[in-house]
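Coordinates as given in protein.tsv (TSV, N, CA and C atoms):
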```tsv
chain	number	residue	atom	x	y	z
A	1	MET	N	-85.38	-85.90	-14.17
A	1	MET	CA	-84.96	-85.23	-12.96
A	1	MET	C	-83.91	-86.08	-12.26
A	2	ALA	N	-82.87	-85.42	-11.79
A	2	ALA	CA	-81.83	-86.12	-11.05
A	2	ALA	C	-82.31	-86.36	-9.63
A	3	THR	N	-82.46	-87.62	-9.25
A	3	THR	CA	-82.95	-87.96	-7.91
A	3	THR	C	-81.79	-88.18	-6.96
A	4	ASP	N	-82.11	-88.18	-5.68
A	4	ASP	CA	-81.11	-88.34	-4.63
A	4	ASP	C	-81.56	-89.50	-3.75
A	5	PRO	N	-80.71	-90.51	-3.55
A	5	PRO	CA	-81.10	-91.65	-2.71
A	5	PRO	C	-81.45	-91.26	-1.27
A	6	ARG	N	-80.93	-90.15	-0.80
A	6	ARG	CA	-81.28	-89.69	0.55
A	6	ARG	C	-82.76	-89.29	0.63
A	7	VAL	N	-83.30	-88.79	-0.49
A	7	VAL	CA	-84.73	-88.45	-0.53
A	7	VAL	C	-85.55	-89.73	-0.52
A	8	ASP	N	-85.11	-90.75	-1.27
A	8	ASP	CA	-85.79	-92.05	-1.23
A	8	ASP	C	-85.84	-92.58	0.19
A	9	ALA	N	-84.72	-92.47	0.91
A	9	ALA	CA	-84.67	-92.96	2.29
A	9	ALA	C	-85.58	-92.13	3.20
A	10	TYR	N	-85.63	-90.84	3.00
A	10	TYR	CA	-86.51	-89.96	3.78
A	10	TYR	C	-87.96	-90.40	3.59
A	11	LEU	N	-88.36	-90.59	2.35
A	11	LEU	CA	-89.74	-90.97	2.05
A	11	LEU	C	-90.06	-92.38	2.57
A	12	ALA	N	-89.12	-93.28	2.50
A	12	ALA	CA	-89.35	-94.66	2.93
A	12	ALA	C	-89.68	-94.76	4.42
A	13	ARG	N	-89.22	-93.80	5.21
A	13	ARG	CA	-89.45	-93.83	6.66
A	13	ARG	C	-90.83	-93.30	7.05
A	14	LEU	N	-91.56	-92.74	6.12
A	14	LEU	CA	-92.84	-92.09	6.45
A	14	LEU	C	-94.00	-93.08	6.48
A	15	PRO	N	-95.05	-92.74	7.21
A	15	PRO	CA	-96.28	-93.53	7.12
A	15	PRO	C	-96.80	-93.50	5.68
A	16	GLU	N	-97.49	-94.54	5.30
A	16	GLU	CA	-97.91	-94.71	3.90
A	16	GLU	C	-98.63	-93.49	3.32
A	17	ALA	N	-99.57	-92.93	4.04
A	17	ALA	CA	-100.35	-91.81	3.50
A	17	ALA	C	-99.46	-90.60	3.21
A	18	GLN	N	-98.55	-90.29	4.12
A	18	GLN	CA	-97.64	-89.17	3.88
A	18	GLN	C	-96.66	-89.48	2.76
A	19	ARG	N	-96.17	-90.71	2.73
A	19	ARG	CA	-95.23	-91.09	1.68
A	19	ARG	C	-95.88	-90.93	0.31
A	20	GLU	N	-97.09	-91.43	0.16
A	20	GLU	CA	-97.78	-91.33	-1.13
A	20	GLU	C	-98.04	-89.87	-1.50
A	21	LEU	N	-98.42	-89.07	-0.53
A	21	LEU	CA	-98.68	-87.66	-0.76
A	21	LEU	C	-97.42	-86.95	-1.25
A	22	LEU	N	-96.30	-87.21	-0.58
A	22	LEU	CA	-95.06	-86.54	-0.96
A	22	LEU	C	-94.43	-87.12	-2.21
A	23	GLU	N	-94.64	-88.39	-2.47
A	23	GLU	CA	-94.18	-88.96	-3.74
A	23	GLU	C	-94.95	-88.34	-4.91
A	24	HIS	N	-96.23	-88.07	-4.68
A	24	HIS	CA	-97.00	-87.39	-5.73
A	24	HIS	C	-96.46	-85.98	-5.95
A	25	LEU	N	-96.21	-85.26	-4.87
A	25	LEU	CA	-95.63	-83.92	-4.98
A	25	LEU	C	-94.32	-83.99	-5.76
A	26	ARG	N	-93.50	-84.96	-5.44
A	26	ARG	CA	-92.22	-85.16	-6.14
A	26	ARG	C	-92.43	-85.37	-7.63
A	27	SER	N	-93.44	-86.14	-7.99
A	27	SER	CA	-93.70	-86.40	-9.42
A	27	SER	C	-94.22	-85.15	-10.13
A	28	VAL	N	-95.01	-84.35	-9.44
A	28	VAL	CA	-95.48	-83.10	-10.04
A	28	VAL	C	-94.29	-82.18	-10.32
A	29	ILE	N	-93.40	-82.07	-9.36
A	29	ILE	CA	-92.21	-81.23	-9.55
A	29	ILE	C	-91.37	-81.75	-10.71
A	30	ALA	N	-91.18	-83.05	-10.80
A	30	ALA	CA	-90.40	-83.64	-11.90
A	30	ALA	C	-91.05	-83.36	-13.25
A	31	ARG	N	-92.37	-83.35	-13.28
A	31	ARG	CA	-93.08	-83.07	-14.54
A	31	ARG	C	-92.93	-81.59	-14.92
A	32	VAL	N	-93.03	-80.70	-13.95
A	32	VAL	CA	-92.98	-79.26	-14.22
A	32	VAL	C	-91.55	-78.79	-14.48
A	33	VAL	N	-90.59	-79.37	-13.77
A	33	VAL	CA	-89.19	-78.95	-13.89
A	33	VAL	C	-88.34	-80.20	-14.11
A	34	PRO	N	-88.36	-80.75	-15.33
A	34	PRO	CA	-87.66	-82.02	-15.57
A	34	PRO	C	-86.15	-81.94	-15.37
A	35	ASP	N	-85.58	-80.75	-15.39
A	35	ASP	CA	-84.13	-80.64	-15.18
A	35	ASP	C	-83.78	-80.29	-13.73
A	36	ALA	N	-84.74	-80.44	-12.82
A	36	ALA	CA	-84.48	-80.19	-11.39
A	36	ALA	C	-83.56	-81.26	-10.82
A	37	GLU	N	-82.86	-80.88	-9.77
A	37	GLU	CA	-81.99	-81.80	-9.04
A	37	GLU	C	-82.52	-81.90	-7.62
A	38	GLU	N	-82.67	-83.12	-7.14
A	38	GLU	CA	-83.08	-83.34	-5.75
A	38	GLU	C	-81.86	-83.31	-4.85
A	39	THR	N	-82.09	-82.90	-3.62
A	39	THR	CA	-81.06	-82.94	-2.61
A	39	THR	C	-81.74	-82.95	-1.25
A	40	ILE	N	-80.96	-82.99	-0.21
A	40	ILE	CA	-81.47	-82.80	1.15
A	40	ILE	C	-80.83	-81.52	1.67
A	41	SER	N	-81.67	-80.64	2.19
A	41	SER	CA	-81.19	-79.38	2.74
A	41	SER	C	-81.94	-79.13	4.05
A	42	TYR	N	-81.20	-78.85	5.11
A	42	TYR	CA	-81.80	-78.66	6.44
A	42	TYR	C	-82.64	-79.87	6.84
A	43	GLY	N	-82.22	-81.05	6.43
A	43	GLY	CA	-82.90	-82.29	6.79
A	43	GLY	C	-84.17	-82.57	6.02
A	44	MET	N	-84.45	-81.77	4.98
A	44	MET	CA	-85.68	-81.92	4.20
A	44	MET	C	-85.34	-82.14	2.72
A	45	PRO	N	-86.19	-82.88	2.00
A	45	PRO	CA	-86.02	-82.95	0.55
A	45	PRO	C	-86.13	-81.54	-0.04
A	46	ALA	N	-85.26	-81.24	-0.97
A	46	ALA	CA	-85.23	-79.92	-1.60
A	46	ALA	C	-84.92	-80.09	-3.09
A	47	PHE	N	-85.18	-79.02	-3.83
A	47	PHE	CA	-84.94	-79.03	-5.27
A	47	PHE	C	-84.13	-77.82	-5.67
A	48	LYS	N	-83.22	-78.07	-6.61
A	48	LYS	CA	-82.42	-77.01	-7.20
A	48	LYS	C	-82.54	-77.12	-8.71
A	49	ARG	N	-82.31	-76.01	-9.34
A	49	ARG	CA	-82.23	-75.97	-10.80
A	49	ARG	C	-81.08	-75.05	-11.14
A	50	ASP	N	-80.18	-75.53	-11.97
A	50	ASP	CA	-78.97	-74.77	-12.30
A	50	ASP	C	-78.23	-74.35	-11.03
A	51	GLY	N	-78.24	-75.23	-10.03
A	51	GLY	CA	-77.53	-74.98	-8.79
A	51	GLY	C	-78.23	-74.05	-7.83
A	52	ARG	N	-79.46	-73.59	-8.17
A	52	ARG	CA	-80.18	-72.64	-7.33
A	52	ARG	C	-81.38	-73.32	-6.67
A	53	PHE	N	-81.46	-73.22	-5.34
A	53	PHE	CA	-82.59	-73.75	-4.60
A	53	PHE	C	-83.87	-73.06	-5.04
A	54	PHE	N	-84.96	-73.87	-5.15
A	54	PHE	CA	-86.25	-73.23	-5.41
A	54	PHE	C	-87.38	-73.78	-4.56
A	55	LEU	N	-87.26	-74.95	-3.94
A	55	LEU	CA	-88.39	-75.49	-3.19
A	55	LEU	C	-87.95	-76.63	-2.29
A	56	SER	N	-88.63	-76.80	-1.17
A	56	SER	CA	-88.42	-77.98	-0.33
A	56	SER	C	-89.75	-78.39	0.29
A	57	TYR	N	-89.75	-79.59	0.86
A	57	TYR	CA	-90.96	-80.10	1.50
A	57	TYR	C	-90.56	-80.99	2.67
A	58	ALA	N	-91.53	-81.23	3.55
A	58	ALA	CA	-91.24	-82.06	4.72
A	58	ALA	C	-92.52	-82.69	5.24
A	59	ALA	N	-92.35	-83.80	5.94
A	59	ALA	CA	-93.46	-84.45	6.64
A	59	ALA	C	-93.32	-84.16	8.12
A	60	TRP	N	-94.41	-83.80	8.74
A	60	TRP	CA	-94.46	-83.55	10.17
A	60	TRP	C	-95.51	-84.47	10.77
A	61	LYS	N	-95.65	-84.45	12.06
A	61	LYS	CA	-96.54	-85.38	12.73
A	61	LYS	C	-97.98	-85.29	12.23
A	62	ARG	N	-98.49	-84.09	12.05
A	62	ARG	CA	-99.90	-83.91	11.69
A	62	ARG	C	-100.15	-83.40	10.28
A	63	HIS	N	-99.08	-83.07	9.54
A	63	HIS	CA	-99.26	-82.52	8.20
A	63	HIS	C	-97.96	-82.62	7.42
A	64	CYS	N	-98.04	-82.26	6.17
A	64	CYS	CA	-96.86	-82.07	5.33
A	64	CYS	C	-96.78	-80.59	5.01
A	65	SER	N	-95.59	-80.13	4.69
A	65	SER	CA	-95.39	-78.71	4.37
A	65	SER	C	-94.57	-78.58	3.11
A	66	ILE	N	-94.81	-77.47	2.42
A	66	ILE	CA	-94.01	-77.10	1.26
A	66	ILE	C	-93.49	-75.69	1.51
A	67	TYR	N	-92.24	-75.47	1.14
A	67	TYR	CA	-91.54	-74.21	1.41
A	67	TYR	C	-90.88	-73.70	0.13
A	68	PRO	N	-90.70	-72.46	-0.10
A	68	PRO	CA	-91.26	-71.35	0.65
A	68	PRO	C	-92.65	-70.98	0.12
A	69	LEU	N	-93.34	-70.24	0.92
A	69	LEU	CA	-94.64	-69.69	0.55
A	69	LEU	C	-94.52	-68.18	0.66
A	70	THR	N	-94.68	-67.48	-0.44
A	70	THR	CA	-94.51	-66.04	-0.44
A	70	THR	C	-95.86	-65.32	-0.29
A	71	ASP	N	-95.78	-64.09	0.15
A	71	ASP	CA	-96.99	-63.27	0.25
A	71	ASP	C	-97.64	-63.09	-1.11
A	72	GLU	N	-96.82	-62.99	-2.17
A	72	GLU	CA	-97.36	-62.82	-3.52
A	72	GLU	C	-98.19	-64.04	-3.93
A	73	PHE	N	-97.68	-65.22	-3.65
A	73	PHE	CA	-98.43	-66.43	-4.01
A	73	PHE	C	-99.71	-66.52	-3.18
A	74	LEU	N	-99.61	-66.21	-1.91
A	74	LEU	CA	-100.80	-66.21	-1.04
A	74	LEU	C	-101.87	-65.26	-1.56
A	75	ALA	N	-101.46	-64.09	-1.97
A	75	ALA	CA	-102.42	-63.11	-2.47
A	75	ALA	C	-103.05	-63.58	-3.78
A	76	MET	N	-102.25	-64.16	-4.65
A	76	MET	CA	-102.74	-64.60	-5.95
A	76	MET	C	-103.74	-65.75	-5.83
A	77	TYR	N	-103.53	-66.63	-4.88
A	77	TYR	CA	-104.37	-67.83	-4.74
A	77	TYR	C	-105.12	-67.85	-3.40
A	78	HIS	N	-105.37	-66.67	-2.87
A	78	HIS	CA	-105.98	-66.55	-1.54
A	78	HIS	C	-107.21	-67.42	-1.37
A	79	ASP	N	-108.16	-67.34	-2.28
A	79	ASP	CA	-109.41	-68.08	-2.13
A	79	ASP	C	-109.18	-69.59	-2.17
A	80	GLU	N	-108.31	-70.04	-3.06
A	80	GLU	CA	-108.06	-71.47	-3.19
A	80	GLU	C	-107.27	-72.04	-2.01
A	81	LEU	N	-106.52	-71.20	-1.34
A	81	LEU	CA	-105.71	-71.65	-0.21
A	81	LEU	C	-106.44	-71.50	1.12
A	82	GLU	N	-107.64	-70.97	1.07
A	82	GLU	CA	-108.43	-70.80	2.28
A	82	GLU	C	-108.63	-72.15	2.97
A	83	GLY	N	-108.37	-72.19	4.26
A	83	GLY	CA	-108.56	-73.42	5.03
A	83	GLY	C	-107.33	-74.29	5.15
A	84	TYR	N	-106.30	-74.04	4.36
A	84	TYR	CA	-105.04	-74.77	4.52
A	84	TYR	C	-104.24	-74.11	5.64
A	85	GLY	N	-103.58	-74.92	6.44
A	85	GLY	CA	-102.72	-74.36	7.47
A	85	GLY	C	-101.48	-73.76	6.83
A	86	ARG	N	-100.87	-72.83	7.55
A	86	ARG	CA	-99.64	-72.25	7.02
A	86	ARG	C	-98.91	-71.50	8.12
A	87	THR	N	-97.66	-71.28	7.88
A	87	THR	CA	-96.85	-70.39	8.68
A	87	THR	C	-96.41	-69.28	7.73
A	88	LYS	N	-95.59	-68.39	8.21
A	88	LYS	CA	-95.14	-67.28	7.36
A	88	LYS	C	-94.51	-67.80	6.06
A	89	GLY	N	-93.77	-68.88	6.14
A	89	GLY	CA	-93.05	-69.34	4.95
A	89	GLY	C	-93.45	-70.70	4.42
A	90	SER	N	-94.52	-71.31	4.96
A	90	SER	CA	-94.87	-72.66	4.49
A	90	SER	C	-96.38	-72.83	4.37
A	91	LEU	N	-96.73	-73.79	3.56
A	91	LEU	CA	-98.12	-74.18	3.36
A	91	LEU	C	-98.27	-75.61	3.83
A	92	HIS	N	-99.30	-75.88	4.63
A	92	HIS	CA	-99.51	-77.21	5.21
A	92	HIS	C	-100.67	-77.92	4.50
A	93	PHE	N	-100.51	-79.22	4.31
A	93	PHE	CA	-101.54	-80.02	3.66
A	93	PHE	C	-101.46	-81.44	4.21
A	94	THR	N	-102.51	-82.20	3.98
A	94	THR	CA	-102.58	-83.58	4.50
A	94	THR	C	-103.08	-84.49	3.39
A	95	ALA	N	-103.03	-85.79	3.66
A	95	ALA	CA	-103.57	-86.76	2.71
A	95	ALA	C	-105.07	-86.58	2.58
A	96	GLU	N	-105.72	-86.16	3.67
A	96	GLU	CA	-107.16	-85.93	3.62
A	96	GLU	C	-107.50	-84.65	2.85
A	97	ARG	N	-106.58	-83.71	2.83
A	97	ARG	CA	-106.77	-82.45	2.11
A	97	ARG	C	-105.48	-82.09	1.38
A	98	PRO	N	-105.20	-82.81	0.28
A	98	PRO	CA	-103.98	-82.53	-0.47
A	98	PRO	C	-104.11	-81.23	-1.26
A	99	LEU	N	-102.98	-80.70	-1.67
A	99	LEU	CA	-103.00	-79.54	-2.55
A	99	LEU	C	-103.36	-80.00	-3.96
A	100	PRO	N	-104.25	-79.30	-4.64
A	100	PRO	CA	-104.57	-79.67	-6.02
A	100	PRO	C	-103.34	-79.50	-6.92
A	101	ASP	N	-103.24	-80.35	-7.92
A	101	ASP	CA	-102.07	-80.30	-8.81
A	101	ASP	C	-101.87	-78.92	-9.42
A	102	HIS	N	-102.94	-78.25	-9.81
A	102	HIS	CA	-102.74	-76.95	-10.46
A	102	HIS	C	-102.12	-75.94	-9.49
A	103	LEU	N	-102.41	-76.04	-8.19
A	103	LEU	CA	-101.77	-75.15	-7.22
A	103	LEU	C	-100.30	-75.53	-7.01
A	104	LEU	N	-100.02	-76.83	-6.94
A	104	LEU	CA	-98.63	-77.28	-6.83
A	104	LEU	C	-97.82	-76.80	-8.03
A	105	GLU	N	-98.38	-76.98	-9.21
A	105	GLU	CA	-97.68	-76.56	-10.43
A	105	GLU	C	-97.44	-75.06	-10.42
A	106	ALA	N	-98.44	-74.28	-10.04
A	106	ALA	CA	-98.29	-72.83	-9.99
A	106	ALA	C	-97.23	-72.43	-8.97
A	107	LEU	N	-97.21	-73.07	-7.81
A	107	LEU	CA	-96.22	-72.77	-6.78
A	107	LEU	C	-94.82	-73.10	-7.27
A	108	VAL	N	-94.67	-74.25	-7.90
A	108	VAL	CA	-93.36	-74.65	-8.42
A	108	VAL	C	-92.88	-73.66	-9.47
A	109	ARG	N	-93.73	-73.30	-10.41
A	109	ARG	CA	-93.33	-72.34	-11.46
A	109	ARG	C	-92.97	-70.99	-10.86
A	110	ALA	N	-93.75	-70.55	-9.88
A	110	ALA	CA	-93.48	-69.26	-9.24
A	110	ALA	C	-92.13	-69.27	-8.54
A	111	GLU	N	-91.81	-70.37	-7.86
A	111	GLU	CA	-90.54	-70.43	-7.12
A	111	GLU	C	-89.35	-70.59	-8.05
A	112	VAL	N	-89.51	-71.30	-9.15
A	112	VAL	CA	-88.42	-71.39	-10.13
A	112	VAL	C	-88.15	-69.99	-10.70
A	113	ALA	N	-89.20	-69.27	-11.06
A	113	ALA	CA	-89.04	-67.92	-11.61
A	113	ALA	C	-88.40	-66.99	-10.58
A	114	ARG	N	-88.82	-67.12	-9.33
A	114	ARG	CA	-88.26	-66.27	-8.27
A	114	ARG	C	-86.77	-66.57	-8.06
A	115	ALA	N	-86.41	-67.85	-8.09
A	115	ALA	CA	-84.99	-68.23	-7.94
A	115	ALA	C	-84.16	-67.69	-9.09
A	116	GLU	N	-84.70	-67.77	-10.30
A	116	GLU	CA	-83.98	-67.26	-11.45
A	116	GLU	C	-83.81	-65.73	-11.38
A	117	ALA	N	-84.87	-65.03	-10.99
A	117	ALA	CA	-84.80	-63.57	-10.88
A	117	ALA	C	-83.83	-63.14	-9.78
A	118	ARG	N	-83.83	-63.86	-8.67
A	118	ARG	CA	-82.96	-63.55	-7.54
A	118	ARG	C	-81.49	-63.65	-7.95
A	119	ASN	N	-81.18	-64.54	-8.85
A	119	ASN	CA	-79.79	-64.76	-9.23
A	119	ASN	C	-79.37	-63.97	-10.45
A	120	ARG	N	-80.27	-63.20	-11.03
A	120	ARG	CA	-79.91	-62.36	-12.17
A	120	ARG	C	-79.24	-61.07	-11.71
A	121	TYR	N	-79.48	-60.68	-10.49
A	121	TYR	CA	-79.02	-59.37	-10.03
A	121	TYR	C	-77.82	-59.50	-9.14
```
As structure tokens, what does this structure read like?
Amino acid sequence: MATDPRVDAYLARLPEAQRELLEHLRSVIARVVPDAEETISYGMPAFKRDGRFFLSYAAWKRHCSIYPLTDEFLAMYHDELEGYGRTKGSLHFTAERPLPDHLLEALVRAEVARAEARNRY
């Protein structure tokens, strides 16, 4: 995966627990999409593949978030996502309650597929 030093700097400024949580998320994405490119978009670490955005994440005061979160993904994993905070377009998680790898992997795959489909038409 092509990394971006701006993402390294973003992560370096975080408290240890958030940094470790988001570095793990970063490694899961690299494993699932080895040809992804990191960048910063809207002040947050983001990922592109073949020049197309598919996912971003951020650290906030009380949680971390991953974007985007679609209604389709919410419906598919409703039971497993129960109890996680969220907004219309994001899923919130913490070091005390991280997202399981299989959910991260499923979200990454879903967003890569969605980005590819969006650009076919």
Return the padded bounding box of stretch 72-91 of chain A as JSON: axis-aligned, built from all atoms listed in the file, 8 Å added on each side, with centre and edge lengths in Å to one decimal.
```
{"center_x": -101.2, "center_y": -69.2, "center_z": 1.4, "size_x": 32.4, "size_y": 28.8, "size_z": 30.6}
```
Contacts of stretch 71-78 of chain A at 8 Å or less, counting all atoms listed in the file, minus same-chain residues fewer than 3 places along, as a compact mmCIF listing (two decimals) with N, CA and C atoms, in the frame of the given file?
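File written: out37.txt
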```txt
# COMPACT_ATOMS: atom_id res chain seq x y z
N PRO A 68 -90.70 -72.46 -0.10
CA PRO A 68 -91.26 -71.35 0.65
C PRO A 68 -92.65 -70.98 0.12
N LEU A 81 -106.52 -71.20 -1.34
CA LEU A 81 -105.71 -71.65 -0.21
C LEU A 81 -106.44 -71.50 1.12
N GLU A 82 -107.64 -70.97 1.07
CA GLU A 82 -108.43 -70.80 2.28
C GLU A 82 -108.63 -72.15 2.97
N GLY A 83 -108.37 -72.19 4.26
CA GLY A 83 -108.56 -73.42 5.03
C GLY A 83 -107.33 -74.29 5.15
N LYS A 88 -95.59 -68.39 8.21
CA LYS A 88 -95.14 -67.28 7.36
C LYS A 88 -94.51 -67.80 6.06
N GLY A 89 -93.77 -68.88 6.14
CA GLY A 89 -93.05 -69.34 4.95
C GLY A 89 -93.45 -70.70 4.42
N ALA A 106 -98.44 -74.28 -10.04
CA ALA A 106 -98.29 -72.83 -9.99
C ALA A 106 -97.23 -72.43 -8.97
N LEU A 107 -97.21 -73.07 -7.81
CA LEU A 107 -96.22 -72.77 -6.78
C LEU A 107 -94.82 -73.10 -7.27
N ALA A 110 -93.75 -70.55 -9.88
CA ALA A 110 -93.48 -69.26 -9.24
C ALA A 110 -92.13 -69.27 -8.54
```
*Counting all atoms listed in the file, figure out which residue out of A:Asp50, A:Glu105, A:Glu116, A:Glu111 gets nearest to A:Ile29.*
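Closest candidate: A:Glu105.
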*For A:Asp35, which of A:Arg86, A:Arg52, A:Arg62, A:Arg19 is the closest residue, counting only C-alpha atoms?*
A:Arg52
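Nearest-residue note for A:Val7: choosing from A:Ile40, A:Val33, A:Leu22, A:Ala115, the minimum distance belongs to A:Ile40, counting only C-alpha atoms.
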*Counting all atoms listed in the file, select every polymer residue within 5 Å of (-98.8, -76.5, 5.1) as defined in the file's coordinates, and provide the selection as a list in words.*
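Residues with an atom close enough to that point: Cys64, Ser65, Ile66, Gly85, Arg86, Ser90, Leu91, His92 and Phe93 of chain A.
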*Distance in Å - atom CA of A:Leu14 versus atom CA of A:Glu80*: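 Spanning atom CA of A:Leu14 to atom CA of A:Glu80 is a straight-line distance of 27.4 Å.
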_Separation of atom CA of A:Arg109 from atom CA of A:Glu16 in Å_ =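 Between atom CA of A:Glu16 and atom CA of A:Arg109 the gap is 27.5 Å.
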_I need the residues in stretch 6-93 of chain A that are alpha helix (DSSP H) according to DSSP; give them as an NGL selection string._
:A and (6-12 or 16-32 or 71-76 or 78-81)
Tell me which protein, DNA and RNA residues are within 12 Å of A:Thr3, counting only C-alpha atoms, leaving out same-chain ones fewer than 2 positions away, and put them as an mmCIF file with N, CA and C atoms, in the frame of the given file.
```cif
data_model
loop_
_atom_site.group_PDB
_atom_site.id
_atom_site.type_symbol
_atom_site.label_atom_id
_atom_site.label_comp_id
_atom_site.auth_asym_id
_atom_site.auth_seq_id
_atom_site.Cartn_x
_atom_site.Cartn_y
_atom_site.Cartn_z
ATOM 1 N N MET A 1 -85.380 -85.900 -14.170
ATOM 2 C CA MET A 1 -84.960 -85.230 -12.960
ATOM 3 C C MET A 1 -83.910 -86.080 -12.260
ATOM 4 N N PRO A 5 -80.710 -90.510 -3.550
ATOM 5 C CA PRO A 5 -81.100 -91.650 -2.710
ATOM 6 C C PRO A 5 -81.450 -91.260 -1.270
ATOM 7 N N ARG A 6 -80.930 -90.150 -0.800
ATOM 8 C CA ARG A 6 -81.280 -89.690 0.550
ATOM 9 C C ARG A 6 -82.760 -89.290 0.630
ATOM 10 N N VAL A 7 -83.300 -88.790 -0.490
ATOM 11 C CA VAL A 7 -84.730 -88.450 -0.530
ATOM 12 C C VAL A 7 -85.550 -89.730 -0.520
ATOM 13 N N ASP A 8 -85.110 -90.750 -1.270
ATOM 14 C CA ASP A 8 -85.790 -92.050 -1.230
ATOM 15 C C ASP A 8 -85.840 -92.580 0.190
ATOM 16 N N ALA A 9 -84.720 -92.470 0.910
ATOM 17 C CA ALA A 9 -84.670 -92.960 2.290
ATOM 18 C C ALA A 9 -85.580 -92.130 3.200
ATOM 19 N N ARG A 26 -93.500 -84.960 -5.440
ATOM 20 C CA ARG A 26 -92.220 -85.160 -6.140
ATOM 21 C C ARG A 26 -92.430 -85.370 -7.630
ATOM 22 N N SER A 27 -93.440 -86.140 -7.990
ATOM 23 C CA SER A 27 -93.700 -86.400 -9.420
ATOM 24 C C SER A 27 -94.220 -85.150 -10.130
ATOM 25 N N ILE A 29 -93.400 -82.070 -9.360
ATOM 26 C CA ILE A 29 -92.210 -81.230 -9.550
ATOM 27 C C ILE A 29 -91.370 -81.750 -10.710
ATOM 28 N N ALA A 30 -91.180 -83.050 -10.800
ATOM 29 C CA ALA A 30 -90.400 -83.640 -11.900
ATOM 30 C C ALA A 30 -91.050 -83.360 -13.250
ATOM 31 N N PRO A 34 -88.360 -80.750 -15.330
ATOM 32 C CA PRO A 34 -87.660 -82.020 -15.570
ATOM 33 C C PRO A 34 -86.150 -81.940 -15.370
ATOM 34 N N ASP A 35 -85.580 -80.750 -15.390
ATOM 35 C CA ASP A 35 -84.130 -80.640 -15.180
ATOM 36 C C ASP A 35 -83.780 -80.290 -13.730
ATOM 37 N N ALA A 36 -84.740 -80.440 -12.820
ATOM 38 C CA ALA A 36 -84.480 -80.190 -11.390
ATOM 39 C C ALA A 36 -83.560 -81.260 -10.820
ATOM 40 N N GLU A 37 -82.860 -80.880 -9.770
ATOM 41 C CA GLU A 37 -81.990 -81.800 -9.040
ATOM 42 C C GLU A 37 -82.520 -81.900 -7.620
ATOM 43 N N GLU A 38 -82.670 -83.120 -7.140
ATOM 44 C CA GLU A 38 -83.080 -83.340 -5.750
ATOM 45 C C GLU A 38 -81.860 -83.310 -4.850
ATOM 46 N N THR A 39 -82.090 -82.900 -3.620
ATOM 47 C CA THR A 39 -81.060 -82.940 -2.610
ATOM 48 C C THR A 39 -81.740 -82.950 -1.250
ATOM 49 N N ILE A 40 -80.960 -82.990 -0.210
ATOM 50 C CA ILE A 40 -81.470 -82.800 1.150
ATOM 51 C C ILE A 40 -80.830 -81.520 1.670
ATOM 52 N N PRO A 45 -86.190 -82.880 2.000
ATOM 53 C CA PRO A 45 -86.020 -82.950 0.550
ATOM 54 C C PRO A 45 -86.130 -81.540 -0.040
ATOM 55 N N ALA A 46 -85.260 -81.240 -0.970
ATOM 56 C CA ALA A 46 -85.230 -79.920 -1.600
ATOM 57 C C ALA A 46 -84.920 -80.090 -3.090
ATOM 58 N N PHE A 47 -85.180 -79.020 -3.830
ATOM 59 C CA PHE A 47 -84.940 -79.030 -5.270
ATOM 60 C C PHE A 47 -84.130 -77.820 -5.670
ATOM 61 N N LYS A 48 -83.220 -78.070 -6.610
ATOM 62 C CA LYS A 48 -82.420 -77.010 -7.200
ATOM 63 C C LYS A 48 -82.540 -77.120 -8.710
#
```
*Calculate how many Å separate atom N of A:Val28 from atom N of A:Ala113, rounding to one decimal.*
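Going from atom N of A:Val28 over to atom N of A:Ala113, I get 16.2 Å.
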*Using DSSP on the backbone coordinates, identify all residues within chain A classified as strand (DSSP E); present the result as a VMD selection string.*
chain A and resid 37 to 41 44 to 49 52 to 59 64 to 67 91 to 93
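Remark: for A:Leu21, the closest of the candidate residues A:Pro100, A:Thr94, A:Phe53, A:Val108 is A:Thr94 (distances computed over all atoms listed in the file).
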